[in-house]
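Presented below is the structure to which this report refers.
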Amino acid sequence: MATLTKSLEEEKKITEQEALITGAEAIAIACKLANVDVVTAYPIRPYDTVMQYISQLVADGEMDCEFIVAEGEHSQFEIVKHASVCGARVFCGSSGVGWMYAMEALTVSPALRVPMVCMVGNRALDDPGAFGVEHNDALAVRDLGWMLTWVDSAQEALDTALIAYRVAEDRRILVPLALSCDGAFLTHSQALVKIPTAEQVKKFLPPYDRGNLLLHPDNVISVAPQCNEDWVMEIRRQNYAVTEITCDVIREVYKDFERTFGRKYGNPFFEEYMTEDAEVVLLGMGTLSTPVKVAIRKMREEGKKVGFVRLRWFRPFAGPELAKCLERFKAIGVIDRDFSFGSPNLSGVVATEVRSAMYTGSSTRPPVLGFIGGLGGREVTVPDVEKTTDIVFQAAQGKAQPLTQWIGLRE
Amino acid sequence: MAQLLAVEIIYRGVFQKTLAKNITRGIVLAAHNEGKLGISFGRYGDSPERNGIPGKSFAIVADDEQTLEAGMAQYEPKQVDLTVVLDDTLCKGVESWAWYGLRPVHYALKPKSTLIVVSLDNAAALLKNIHRREQPYKLGIVKGLASFSGMWIFKDDHTDMRVLGSIAKALPELFSFASVEKFINEKLKSPLKATSARTAFERFTTVDVKAGQGNPEEVVKFDLPGWHDMRSAVSIKGQGQGGPYADPVTKEVGGFRPARNEKFKKYSTRTLRPVINFATCTKCTLCWLDCPDASFDVTPEGTYDANLEVCCGCGVCEEVCPVKNCITMVNESEFHDNKSQWAEFRKDKEAYLKWLETTIQKGEPIEKRAHGFRYRGQYQEEIPEAMEIANKG
C-alpha cells in the first residue's frame with residue numbers, strides 16, 4: 001500500500017500540470033523551471049508583469065535566484081550581461097522606450113557572446129506615450145546580432161522561453177535572444193497552459209557552460225578591449241558565423257523539444273494555417289494570428305481560398321525556406337504591426353524583409369503587398385482582415401494595388 | 001599621371017596635435033599658392049587626445065584633382081616623400097594605437113627621401129635610435145625642443161614655420177620658399193613668422209644616411225590573425241601568473257616577475273624612463289604598489305626593477321619614492337635599448353653606479369624635457385632657451 005501511494009505521488013510529480021495564466025506568467029514559470037540564476041528588473045508596462053510574477057515566485061520560496069531591481073534599463077541589461085559572462089543563466093526584459101534606454105547594453109551583448117534571454121513586452125515607442133503593442137521596440141536590434149522571436153499564445157511563450165535558453169546557450173551560438181510578446185493581448189490575457197515538470201526541463205536544458213569564455217579567476221581573460229580597424233572586421237565576421245548556423249541549431253532544438261515534451265511546433269520558423277490549397281496568404285507576427293485565423297475561417301466558408309503564415313523567428317530570418325513556401329501563392333499580404341519610415345516602398349519591416357527574401361529565394365514573382373495596422377495596440381478587427389484579404393485577391397487577379405496601405409486607420 | 005606628393009608628421013598626442021595639424025595645413029596652403037591641390041588629415045586610428053601617444057598627420061598634394069583623388073583613395077599614404085618627427089624620442093619607432101607592432105620612424109619614407117627631426121641632438125646621436133634600413137635616405141635636423149606650439153595657452157615658438165621653411169629646402173618639388181612666404185604673409189600676416197621660416201630654409205642641411213646605418217634593434221613584428229584563429233567574444237587570454245626569476249650573476253632564483261603580454265610592448269609610448277639606484281633602494285614597495293601598469297619586477301634581491309617593456313614612463317614611481325635620487329625620470333633619448341637595469345647593476349655594480357652618476361644624473365636633476373613638464377612654470381623658463389636655439393639654428 002505504501003509503495004502504491006509513493007508511486008502515485010511520483011506519477012503526479014512527473015505529469016505536467018495545467019494552469020490558467022498570462023503569457024508573462026508563463027515566461028516567469030519557464031524561468032523557474034530553467035533555474036535561472038540572475039534576474040534583473042525595472043518596471044515598464046507591459047514587461048513589468050513578468051517581473052511581478054518572478055518576484056512573487058521568489059517571495060514564495062518557489063524560485064531561487066538573485067533578483068535585482070536596477071535603477072534603470074541600461075543597468076538592468078548591463079548587470080545580466082556581466083553575470084552571464086561570469087557563468088550565470090540570466091533573464092531580463094523591457095518594453096518600448098525602456099528597451100531603447102538599454103540600447104548601448106543591447107548593442108554590446110552579441111559581440112561579447114552573451115546568451116541573455118529577454119522578454120520584450122512589445123509596446124509603442126514614445127512619443128506619444130502609449131501602452132499598446134507595436135513591434136518597433138524589439139525590431140530596433142534586428143541588425144545587431146540578436147535573435148528575435150515572436151509568440152502568439154501563453155503556451156508558446158512558455159515553450160519558446162525554454163527553447164530560447166537552449167538555443168542561446170548553445171556553445172555554437174552564445175548570442176542574446178529577445179522573446180517578444182504583444183503587450184495586452186499576450187502579456188495580460190490568461191489562458192490554459194500546460195506546465196512541464198522540472199525533471200523534463202532538466203533533461204531538455206543542460207547547465208549553461210561558456211567553456212573558455214567564462215570570466216573567472218581560474219580562467220583569466222580580458223573581455224571587451226578597445227580596438228581599431230585592425231580587429232573590428234574579424235570580430236564582426238565571427239558574429240556572422242553564428243548567424244550562418246543559427247537556423248540549423250534552432251531546428252535541432254525544436255526536434256529535441258518535441259521528443260522531450262511531446263508538443264509539436266512543426267516548422268520552427270513559421271506556422272502555416274490553411275495554406276494547403278490557398279491562392280493567397282496573409283503573413284504577420286504575434287497575436288495578430290487570432291483575428292486573422294477567425295477571419296480566414298469565415299472567408300473559407302464563403303469559398304475564399306486564403307491562408308495565413310505566422311512568422312515565429314524574425315532573426316534568424318529563414319529567408320530561403322520562407323521564399324519557397326510563399327512562391328506557390330498568387331499574392332501575399334504582409335500585415336506589419338510596425339513601421340519603417342522611408343523604407344523601400346514605404347512598407348513595414350516585415351514586408352520589406354519578405355520582398356528581399358522572395359527576390360533571391362523564389363522562382364515566382366507574386367505581388368507582395370504591405371499593410372500597416374494595429375499600431376499602438378489598436379485592434380486589428382476581423383472586418384479589417386477581410387478587407388485586406390480582398391485587396392490581396394485583387395492583386396492575385398492581376399489588378400495593380402498600392403504596395404503599402406494602412407488598415408484600420410481613420411481617414 | 002601628374003605628380004602626387006605625401007608628407008607625414010609624426011608627433012606626440014595631445015601636446016603636439018595642433019602643431020602637427022598647423023604644419024600639414026601650411027603645406028597644403030603653401031602648395032596651393034603654386035596652383036596645386038591638397039588635403040590635410042590626422043590618422044583616424046590614432047588617439048591624438050591621449051598623453052604621449054604617438055600620432056601621425058598627413059598632407060597630400062597633387063597637380064590636379066584626379067591625382068589628388070588617387071591619393072585620397074587610401075586610408076593613409078603607404079609611402080611618403082618626406083617624414084617630419086616633432087619629438088626626437090619618437091626616433092625609436094612609432095606604435096600606432098591600432099596595433100601594427102613597432103614601426104621604424106622611416107617606415108613609410110620613400111628611398112632617398114628626407115627625414116626631418118626636431119631635436120637638440122646631432123645626426124650621430126639620433127641614428128643610435130633610428131632603426132637601420134636597407135634603402136639610403138637623408139636626415140635633416142631642425143634644432144629645437146619637442147614643441148607645444150599651437151596648444152592652448154602655450155606660446156607660439158615658430159616651430160611650425162621653421163619646419164615649413166625646412167620642407168621647402170628638403171622637398172622643392174612640393175613648393176618653393178616663395179610659396180611658403182606668401183602663405184605666411186597672406187594667411188598668417190606675420191613678418192616675424194616669415195623671418196623664422198626663411199632662417200630655417202637658409203640653414204637647413206641634410207646628411208646622407210647609408211643603407212644599414214642606424215640602430216640594429218629588430219623591431220617587434222606582429223601578424224594579425226584571421227577571424228577563424230581569433231578567440232571569440234572579444235576576449236583576450238590572460239597572461240598567467242608569472243613567478244620568480246634568476247639573478248644573472250649568482251643564478252639564484254627569487255623575486256617575482258608577473259607574466260606579461262608577449263606582443264604588446266610600450267616602448268615608444270614612453271618619453272621618460274625611471275632610472276633606479278638599486279644601492280640606495282630601501283625596498284619600501286611604494287613604486288611597486290603605485291605603478292599604474294604593474295611594471296615593476298621584484299628582483300631576487302627584493303629591490304624593484306622597472307620593466308621597460310611595460311613601463312609607459314608616467315613618473316608616478318619617482319613621485320612616490322621617498323629616497324632622494326633613488327628613482328629619476330630621464331629623457332628616453334638617452335637610451336638605446338630596453339635592457340633590465342637591475343641585471344646591469346648585478347653584472348657590474350661599480351660601473352652601473354658610475355654610469356648613474358656621470359651619465360644620467362650629472363650631479364643635478366635631469367632638466368631635458370620630453371612631452372611633459374616636470375614642474376609648473378617650466379615652459380615659461382624654457383622660452384628664452386628655445387628662442388636662442390631658434391636664432392642660432
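Just so we're on the same page: first chain in the C-alpha cells is A, next is B, and so on; residues restart at 1 for each chain, and ligands are numbered from 1 in the order they show up.
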### Message
Just want the 6 Å neighbourhood of B:Val80, counted on only C-alpha atoms, with same-chain residues fewer than 6 positions away dropped. Output as number ranges by chain.
### Response
B: 6-7, 108-110
Next, write the just-selected residues to a file, as a compact mmCIF listing (two decimals), in the first residue's frame, keeping C-alpha atoms as the atom set.
```txt
# COMPACT_ATOMS: atom_id res chain seq x y z
CA ALA B 6 52.77 62.97 -49.49
CA VAL B 7 54.24 64.27 -46.24
CA ALA B 108 56.78 54.88 -44.93
CA LEU B 109 59.63 57.04 -46.25
CA LYS B 110 60.48 56.54 -49.93
```
### Message
Set the cut-off to 12 Å and count only C-alpha atoms: what are the residues of chain B that reach chain A? Output as a VMD selection string.
### Response
chain B and resid 43 to 47 75 96 to 101 222 to 241 261
Members of stretch 155-329 of chain B assigned strand (DSSP E) by DSSP, as a short mmCIF file (atom, residue, chain, number, x, y, z; two decimals) with N, CA and C atoms, in the first residue's frame:
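Result written to out-v7.cif:
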```cif
data_model
loop_
_atom_site.label_atom_id
_atom_site.label_comp_id
_atom_site.auth_asym_id
_atom_site.auth_seq_id
_atom_site.Cartn_x
_atom_site.Cartn_y
_atom_site.Cartn_z
N THR B 206 71.15 68.53 -44.83
CA THR B 206 70.91 67.12 -44.51
C THR B 206 72.22 66.35 -44.57
N VAL B 207 72.24 65.19 -43.90
CA VAL B 207 73.35 64.26 -44.07
C VAL B 207 72.81 63.01 -44.75
N ASP B 208 73.64 62.34 -45.50
CA ASP B 208 73.21 61.11 -46.16
C ASP B 208 73.32 59.96 -45.17
N VAL B 209 72.27 59.22 -45.05
CA VAL B 209 72.30 58.02 -44.21
C VAL B 209 72.38 56.83 -45.16
N SER B 235 37.45 38.57 -26.51
CA SER B 235 38.16 38.28 -25.26
C SER B 235 39.62 37.96 -25.54
N ILE B 236 40.44 38.25 -24.57
CA ILE B 236 41.87 38.01 -24.69
C ILE B 236 42.29 37.08 -23.55
N LYS B 237 43.09 36.09 -23.87
CA LYS B 237 43.56 35.17 -22.84
C LYS B 237 44.44 35.93 -21.85
N GLY B 243 56.28 34.50 -12.07
CA GLY B 243 56.95 33.80 -10.98
C GLY B 243 58.35 34.33 -10.75
N PRO B 244 59.11 33.63 -9.93
CA PRO B 244 60.47 34.07 -9.62
C PRO B 244 61.40 33.95 -10.83
N TYR B 245 62.50 34.65 -10.79
CA TYR B 245 63.45 34.57 -11.89
C TYR B 245 64.88 34.61 -11.37
N ALA B 246 65.84 34.36 -12.27
CA ALA B 246 67.21 34.11 -11.81
C ALA B 246 68.05 35.39 -11.76
N VAL B 253 67.53 31.84 -7.84
CA VAL B 253 66.18 32.19 -8.28
C VAL B 253 65.41 32.83 -7.13
N GLY B 254 64.71 33.90 -7.44
CA GLY B 254 63.92 34.56 -6.40
C GLY B 254 63.12 35.70 -6.97
N GLY B 255 62.48 36.47 -6.10
CA GLY B 255 61.69 37.63 -6.54
C GLY B 255 60.44 37.23 -7.28
N PHE B 256 59.91 38.15 -8.03
CA PHE B 256 58.68 37.86 -8.78
C PHE B 256 58.57 38.75 -10.01
N ARG B 257 58.35 38.09 -11.14
CA ARG B 257 58.12 38.85 -12.38
C ARG B 257 56.77 38.40 -12.92
N LEU B 272 60.01 59.36 -21.12
CA LEU B 272 60.94 59.38 -19.99
C LEU B 272 60.99 57.97 -19.45
N ARG B 273 62.10 57.59 -18.84
CA ARG B 273 62.09 56.30 -18.17
C ARG B 273 62.67 56.44 -16.75
N PRO B 274 62.18 55.61 -15.83
CA PRO B 274 62.72 55.67 -14.48
C PRO B 274 64.09 54.99 -14.44
N VAL B 275 65.07 55.70 -13.90
CA VAL B 275 66.39 55.11 -13.70
C VAL B 275 66.56 54.90 -12.21
N ILE B 276 66.94 53.68 -11.85
CA ILE B 276 66.86 53.29 -10.44
C ILE B 276 68.24 53.06 -9.85
N PHE B 296 56.73 47.00 -12.35
CA PHE B 296 57.93 46.68 -11.57
C PHE B 296 58.06 45.18 -11.33
N ASP B 297 59.26 44.67 -11.61
CA ASP B 297 59.60 43.30 -11.25
C ASP B 297 60.22 43.35 -9.85
N VAL B 298 59.87 42.38 -9.01
CA VAL B 298 60.54 42.27 -7.72
C VAL B 298 61.79 41.43 -7.95
N TYR B 304 63.34 46.78 -6.63
CA TYR B 304 62.31 46.86 -7.66
C TYR B 304 62.89 47.41 -8.95
N ASP B 305 62.65 46.67 -10.04
CA ASP B 305 63.24 46.97 -11.34
C ASP B 305 62.11 47.31 -12.31
N ALA B 306 62.14 48.52 -12.87
CA ALA B 306 61.08 48.90 -13.81
C ALA B 306 61.28 48.13 -15.12
N ILE B 327 64.93 57.02 -7.58
CA ILE B 327 64.29 56.85 -8.89
C ILE B 327 64.30 58.21 -9.58
N THR B 328 64.89 58.27 -10.78
CA THR B 328 64.97 59.52 -11.52
C THR B 328 64.40 59.30 -12.91
N MET B 329 63.47 60.15 -13.29
CA MET B 329 62.93 60.05 -14.65
C MET B 329 63.90 60.75 -15.60
#
```
### Message
So that I can check the surroundings of A:Tyr42, please list as a PyMOL selection string every protein, DNA and RNA residue that reaches within 9 Å of it, counting only C-alpha atoms and ignoring chain neighbours fewer than 3 positions away.
### Response
chain A and resi 47-48+51+68-73+76+92-94+98
### Closest of A:Gln17, A:Thr275, A:Ser95, A:Gln190 to A:Ile296 - atom-to-atom distances counting only C-alpha atoms
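Counting only C-alpha atoms, the residue closest to A:Ile296 is A:Thr275.
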Contacts of B:Leu139 at 12 Å or less, counting only C-alpha atoms, minus same-chain residues fewer than 6 places along, as a PDB file with C-alpha atoms, in the first residue's frame?
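Okay, this is what ended up in out_12.pdb:
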```
ATOM      1  CA  LEU B  82      59.014  63.387 -46.537  1.00  0.00           C
ATOM      2  CA  THR B  83      58.722  62.488 -42.865  1.00  0.00           C
ATOM      3  CA  VAL B  84      58.863  65.055 -40.065  1.00  0.00           C
ATOM      4  CA  VAL B  85      59.354  63.959 -36.452  1.00  0.00           C
ATOM      5  CA  CYS B  91      63.101  58.165 -33.356  1.00  0.00           C
ATOM      6  CA  VAL B 105      60.167  56.125 -37.805  1.00  0.00           C
ATOM      7  CA  HIS B 106      61.041  55.988 -41.522  1.00  0.00           C
ATOM      8  CA  LEU B 109      59.632  57.044 -46.250  1.00  0.00           C
ATOM      9  CA  PRO B 111      64.154  55.686 -50.698  1.00  0.00           C
ATOM     10  CA  LYS B 112      66.437  58.718 -50.948  1.00  0.00           C
ATOM     11  CA  SER B 113      63.796  60.960 -49.377  1.00  0.00           C
ATOM     12  CA  THR B 114      64.337  63.142 -46.333  1.00  0.00           C
ATOM     13  CA  LEU B 115      63.613  62.536 -42.672  1.00  0.00           C
ATOM     14  CA  ILE B 116      63.395  65.778 -40.664  1.00  0.00           C
ATOM     15  CA  VAL B 117      63.704  65.575 -36.879  1.00  0.00           C
ATOM     16  CA  VAL B 118      63.139  68.444 -34.462  1.00  0.00           C
ATOM     17  CA  SER B 119      65.878  67.856 -31.910  1.00  0.00           C
ATOM     18  CA  ASN B 122      73.092  65.770 -33.804  1.00  0.00           C
ATOM     19  CA  ALA B 123      72.647  63.168 -36.525  1.00  0.00           C
ATOM     20  CA  ALA B 124      75.042  60.672 -34.963  1.00  0.00           C
ATOM     21  CA  ALA B 125      73.109  60.741 -31.681  1.00  0.00           C
ATOM     22  CA  LEU B 126      69.739  60.355 -33.434  1.00  0.00           C
ATOM     23  CA  LEU B 127      70.992  57.444 -35.523  1.00  0.00           C
ATOM     24  CA  ILE B 130      66.633  55.439 -35.619  1.00  0.00           C
ATOM     25  CA  SER B 166      62.952  73.392 -43.969  1.00  0.00           C
ATOM     26  CA  ALA B 170      64.178  69.369 -48.430  1.00  0.00           C
ATOM     27  CA  PHE B 204      68.575  73.579 -43.365  1.00  0.00           C
ATOM     28  CA  THR B 205      71.050  70.869 -44.393  1.00  0.00           C
ATOM     29  CA  THR B 206      70.913  67.116 -44.510  1.00  0.00           C
ATOM     30  CA  VAL B 207      73.354  64.258 -44.067  1.00  0.00           C
ATOM     31  CA  ASP B 208      73.208  61.109 -46.157  1.00  0.00           C
ATOM     32  CA  VAL B 209      72.302  58.017 -44.214  1.00  0.00           C
ATOM     33  CA  LYS B 210      73.650  54.913 -45.875  1.00  0.00           C
ATOM     34  CA  GLN B 213      73.304  52.685 -40.906  1.00  0.00           C
ATOM     35  CA  GLY B 214      71.455  53.136 -37.609  1.00  0.00           C
TER      36      GLY B 214
END
```
### Task
Please run DSSP on the backbone and report, as JSON, numbers by chain, all residues within stretch 44-263 of chain A that come out as alpha helix (DSSP H).
{"A": [48, 49, 50, 51, 52, 53, 54, 55, 56, 57, 58, 59, 73, 74, 75, 76, 77, 78, 79, 80, 81, 82, 83, 84, 85, 96, 97, 98, 99, 100, 101, 103, 104, 105, 106, 107, 108, 109, 110, 111, 136, 137, 138, 139, 154, 155, 156, 157, 158, 159, 160, 161, 162, 163, 164, 165, 166, 167, 168, 198, 199, 200, 201, 202, 203, 204, 232, 233, 234, 235, 236, 237, 238, 239, 240, 241, 242, 243, 244, 245, 246, 247, 248, 249, 250, 251, 252, 253, 254, 255, 256, 257, 258, 259, 260, 261]}
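For the pair atom CA of A:Lys81 and atom CA of A:Val108, the interatomic distance is 9.0 Å.
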### Task
Quick one: everything within 9 Å of stretch 379-388 of chain A, counting only C-alpha atoms, minus sequence neighbours fewer than 6 positions away in the same chain. Send it as a ChimeraX atom specification.
/A:282,288,291-296,298-299,333,335,371,373,407-408
Spatial neighbours of B:Gln16, 10 Å, only C-alpha atoms, chain gap at least 6 places, as a CSV table (one decimal) with C-alpha atoms, in the first residue's frame:
```csv
chain,number,residue,atom,x,y,z
B,10,ILE,CA,54.9,62.2,-36.5
B,22,ASN,CA,49.2,73.5,-38.4
B,48,PRO,CA,45.8,62.0,-30.5
B,49,GLU,CA,44.0,63.3,-27.4
B,51,ASN,CA,49.0,62.0,-23.3
B,52,GLY,CA,52.2,60.9,-25.2
B,54,PRO,CA,52.4,58.6,-31.0
B,55,GLY,CA,50.3,60.1,-33.8
B,86,LEU,CA,58.3,66.6,-33.9
B,87,ASP,CA,59.7,64.8,-30.8
B,146,ALA,CA,59.8,68.9,-28.6
B,147,SER,CA,57.5,71.9,-29.1
B,148,PHE,CA,54.0,72.5,-27.7
B,149,SER,CA,53.4,75.4,-30.1
B,150,GLY,CA,49.8,76.0,-31.0
B,151,MET,CA,48.4,74.2,-28.0
B,371,HIS,CA,56.4,65.6,-23.9
```
Quick one: residues within 12 Å of A:Val120, only C-alpha atoms, excluding same-chain residues fewer than 4 positions away - as a CSV table (one decimal) with N, CA and C atoms, in the first residue's frame?
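Generated output (out09.csv):
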```
chain,number,residue,atom,x,y,z
A,23,GLY,N,0.6,35.2,-20.6
A,23,GLY,CA,1.9,34.9,-21.3
A,23,GLY,C,3.1,35.3,-20.4
A,24,ALA,N,2.9,36.4,-19.7
A,24,ALA,CA,4.0,36.9,-18.8
A,24,ALA,C,4.3,35.9,-17.7
A,27,ILE,N,6.1,32.9,-18.9
A,27,ILE,CA,7.6,33.1,-19.0
A,27,ILE,C,8.2,33.0,-17.7
A,44,ILE,N,8.3,48.7,-16.4
A,44,ILE,CA,7.7,49.4,-17.5
A,44,ILE,C,6.6,48.4,-18.1
A,45,ARG,N,5.5,49.0,-18.3
A,45,ARG,CA,4.4,48.2,-18.8
A,45,ARG,C,4.6,48.0,-20.3
A,46,PRO,N,4.3,46.8,-20.9
A,46,PRO,CA,3.7,45.6,-20.2
A,46,PRO,C,4.8,44.6,-19.7
A,47,TYR,N,6.1,44.9,-19.9
A,47,TYR,CA,7.1,43.9,-19.4
A,47,TYR,C,7.0,43.7,-17.9
A,48,ASP,N,6.5,44.7,-17.1
A,48,ASP,CA,6.6,44.6,-15.7
A,48,ASP,C,5.8,43.4,-15.1
A,49,THR,N,4.8,42.9,-15.9
A,49,THR,CA,4.0,41.8,-15.5
A,49,THR,C,5.0,40.6,-15.2
A,50,VAL,N,6.0,40.4,-16.0
A,50,VAL,CA,6.8,39.2,-15.8
A,50,VAL,C,7.7,39.4,-14.5
A,51,MET,N,8.2,40.6,-14.3
A,51,MET,CA,9.0,40.9,-13.1
A,51,MET,C,8.1,40.7,-11.8
A,91,PHE,N,18.0,36.3,-16.9
A,91,PHE,CA,16.8,36.7,-17.5
A,91,PHE,C,16.5,38.2,-17.2
A,92,CYS,N,16.1,38.9,-18.3
A,92,CYS,CA,15.6,40.3,-18.0
A,92,CYS,C,14.7,40.6,-19.2
A,93,GLY,N,14.4,41.9,-19.3
A,93,GLY,CA,13.5,42.3,-20.4
A,93,GLY,C,13.1,43.7,-20.2
A,94,SER,N,12.3,44.2,-21.1
A,94,SER,CA,11.8,45.5,-21.0
A,94,SER,C,10.7,45.7,-22.1
A,95,SER,N,10.3,47.0,-22.3
A,95,SER,CA,9.3,47.3,-23.3
A,95,SER,C,9.6,48.7,-23.8
A,96,GLY,N,9.2,48.9,-25.1
A,96,GLY,CA,9.1,50.3,-25.7
A,96,GLY,C,10.4,51.1,-25.4
A,97,VAL,N,10.2,52.3,-24.9
A,97,VAL,CA,11.3,53.2,-24.7
A,97,VAL,C,12.3,52.7,-23.6
A,98,GLY,N,11.9,51.8,-22.7
A,98,GLY,CA,12.7,51.2,-21.7
A,98,GLY,C,13.8,50.3,-22.4
A,99,TRP,N,13.4,49.6,-23.4
A,99,TRP,CA,14.3,48.8,-24.2
A,99,TRP,C,15.3,49.7,-25.0
A,100,MET,N,14.8,50.8,-25.4
A,100,MET,CA,15.6,51.8,-26.2
A,100,MET,C,16.7,52.4,-25.2
A,102,ALA,N,18.1,51.0,-22.9
A,102,ALA,CA,19.1,50.0,-22.6
A,102,ALA,C,20.0,49.8,-23.8
A,124,ALA,N,4.4,50.5,-28.0
A,124,ALA,CA,4.7,51.6,-28.9
A,124,ALA,C,5.8,52.4,-28.3
A,133,VAL,N,0.6,47.7,-28.2
A,133,VAL,CA,1.7,47.0,-28.9
A,133,VAL,C,2.0,47.6,-30.2
A,134,GLU,N,3.3,47.6,-30.4
A,134,GLU,CA,4.0,47.9,-31.7
A,134,GLU,C,5.3,47.1,-31.7
A,135,HIS,N,5.7,46.7,-32.9
A,135,HIS,CA,6.9,45.8,-32.8
A,135,HIS,C,8.2,46.6,-33.0
A,136,ASN,N,8.2,47.9,-33.2
A,136,ASN,CA,9.4,48.6,-33.5
A,136,ASN,C,10.4,48.6,-32.3
A,137,ASP,N,9.9,48.4,-31.1
A,137,ASP,CA,10.9,48.3,-30.0
A,137,ASP,C,11.9,47.2,-30.2
A,138,ALA,N,11.4,45.9,-30.2
A,138,ALA,CA,12.2,44.8,-30.3
A,138,ALA,C,13.0,44.8,-31.7
A,139,LEU,N,12.3,45.3,-32.7
A,139,LEU,CA,12.9,45.3,-34.1
A,139,LEU,C,14.2,46.2,-34.1
A,140,ALA,N,14.3,47.1,-33.2
A,140,ALA,CA,15.4,48.1,-33.2
A,140,ALA,C,16.8,47.3,-33.1
A,141,VAL,N,16.8,46.1,-32.6
A,141,VAL,CA,18.1,45.4,-32.5
A,141,VAL,C,18.2,44.3,-33.7
A,148,LEU,N,15.6,37.1,-32.5
A,148,LEU,CA,14.3,37.7,-32.2
A,148,LEU,C,13.2,36.7,-32.6
A,149,THR,N,12.3,36.5,-31.6
A,149,THR,CA,11.2,35.6,-31.9
A,149,THR,C,9.9,36.2,-31.4
A,150,TRP,N,8.8,35.9,-32.1
A,150,TRP,CA,7.5,36.3,-31.6
A,150,TRP,C,6.6,35.1,-31.3
A,151,VAL,N,5.9,35.2,-30.3
A,151,VAL,CA,5.0,34.1,-29.9
A,151,VAL,C,3.5,34.6,-30.0
A,157,ALA,N,4.7,30.9,-25.4
A,157,ALA,CA,5.6,31.8,-24.6
A,157,ALA,C,6.4,30.9,-23.7
A,161,ALA,N,10.4,30.1,-24.3
A,161,ALA,CA,11.3,30.5,-23.3
A,161,ALA,C,12.3,29.4,-23.0
A,177,LEU,N,19.0,36.7,-26.9
A,177,LEU,CA,17.7,36.4,-27.6
A,177,LEU,C,16.6,37.2,-26.9
A,178,ALA,N,15.8,37.9,-27.8
A,178,ALA,CA,14.6,38.6,-27.3
A,178,ALA,C,13.4,37.8,-27.7
A,179,LEU,N,12.6,37.5,-26.6
A,179,LEU,CA,11.3,36.8,-26.8
A,179,LEU,C,10.2,37.9,-26.8
A,180,SER,N,9.6,38.1,-27.9
A,180,SER,CA,8.6,39.2,-28.0
A,180,SER,C,7.2,38.7,-27.7
A,181,CYS,N,6.6,39.5,-26.8
A,181,CYS,CA,5.2,39.2,-26.5
A,181,CYS,C,4.4,40.5,-26.7
A,182,ASP,N,3.3,40.4,-27.5
A,182,ASP,CA,2.5,41.6,-27.7
A,182,ASP,C,1.9,42.0,-26.4
A,183,GLY,N,2.1,43.3,-26.1
A,183,GLY,CA,1.5,43.9,-24.9
A,183,GLY,C,0.0,43.7,-24.9
A,186,LEU,N,-1.2,39.3,-25.1
A,186,LEU,CA,-0.5,38.1,-24.6
A,186,LEU,C,0.0,38.3,-23.1
A,187,THR,N,0.5,39.5,-22.9
A,187,THR,CA,1.1,39.7,-21.5
A,187,THR,C,0.0,39.8,-20.4
```
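A straight line drawn from atom CA of A:Thr360 to atom CA of A:Pro344 is 16.5 Å long.
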### Message
Just the number, please: distance in Å from atom CA of A:Thr389 to atom CA of A:Ser189, one decimal.
### Response
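Atom-to-atom, atom CA of A:Thr389 to atom CA of A:Ser189, that is 27.3 Å.
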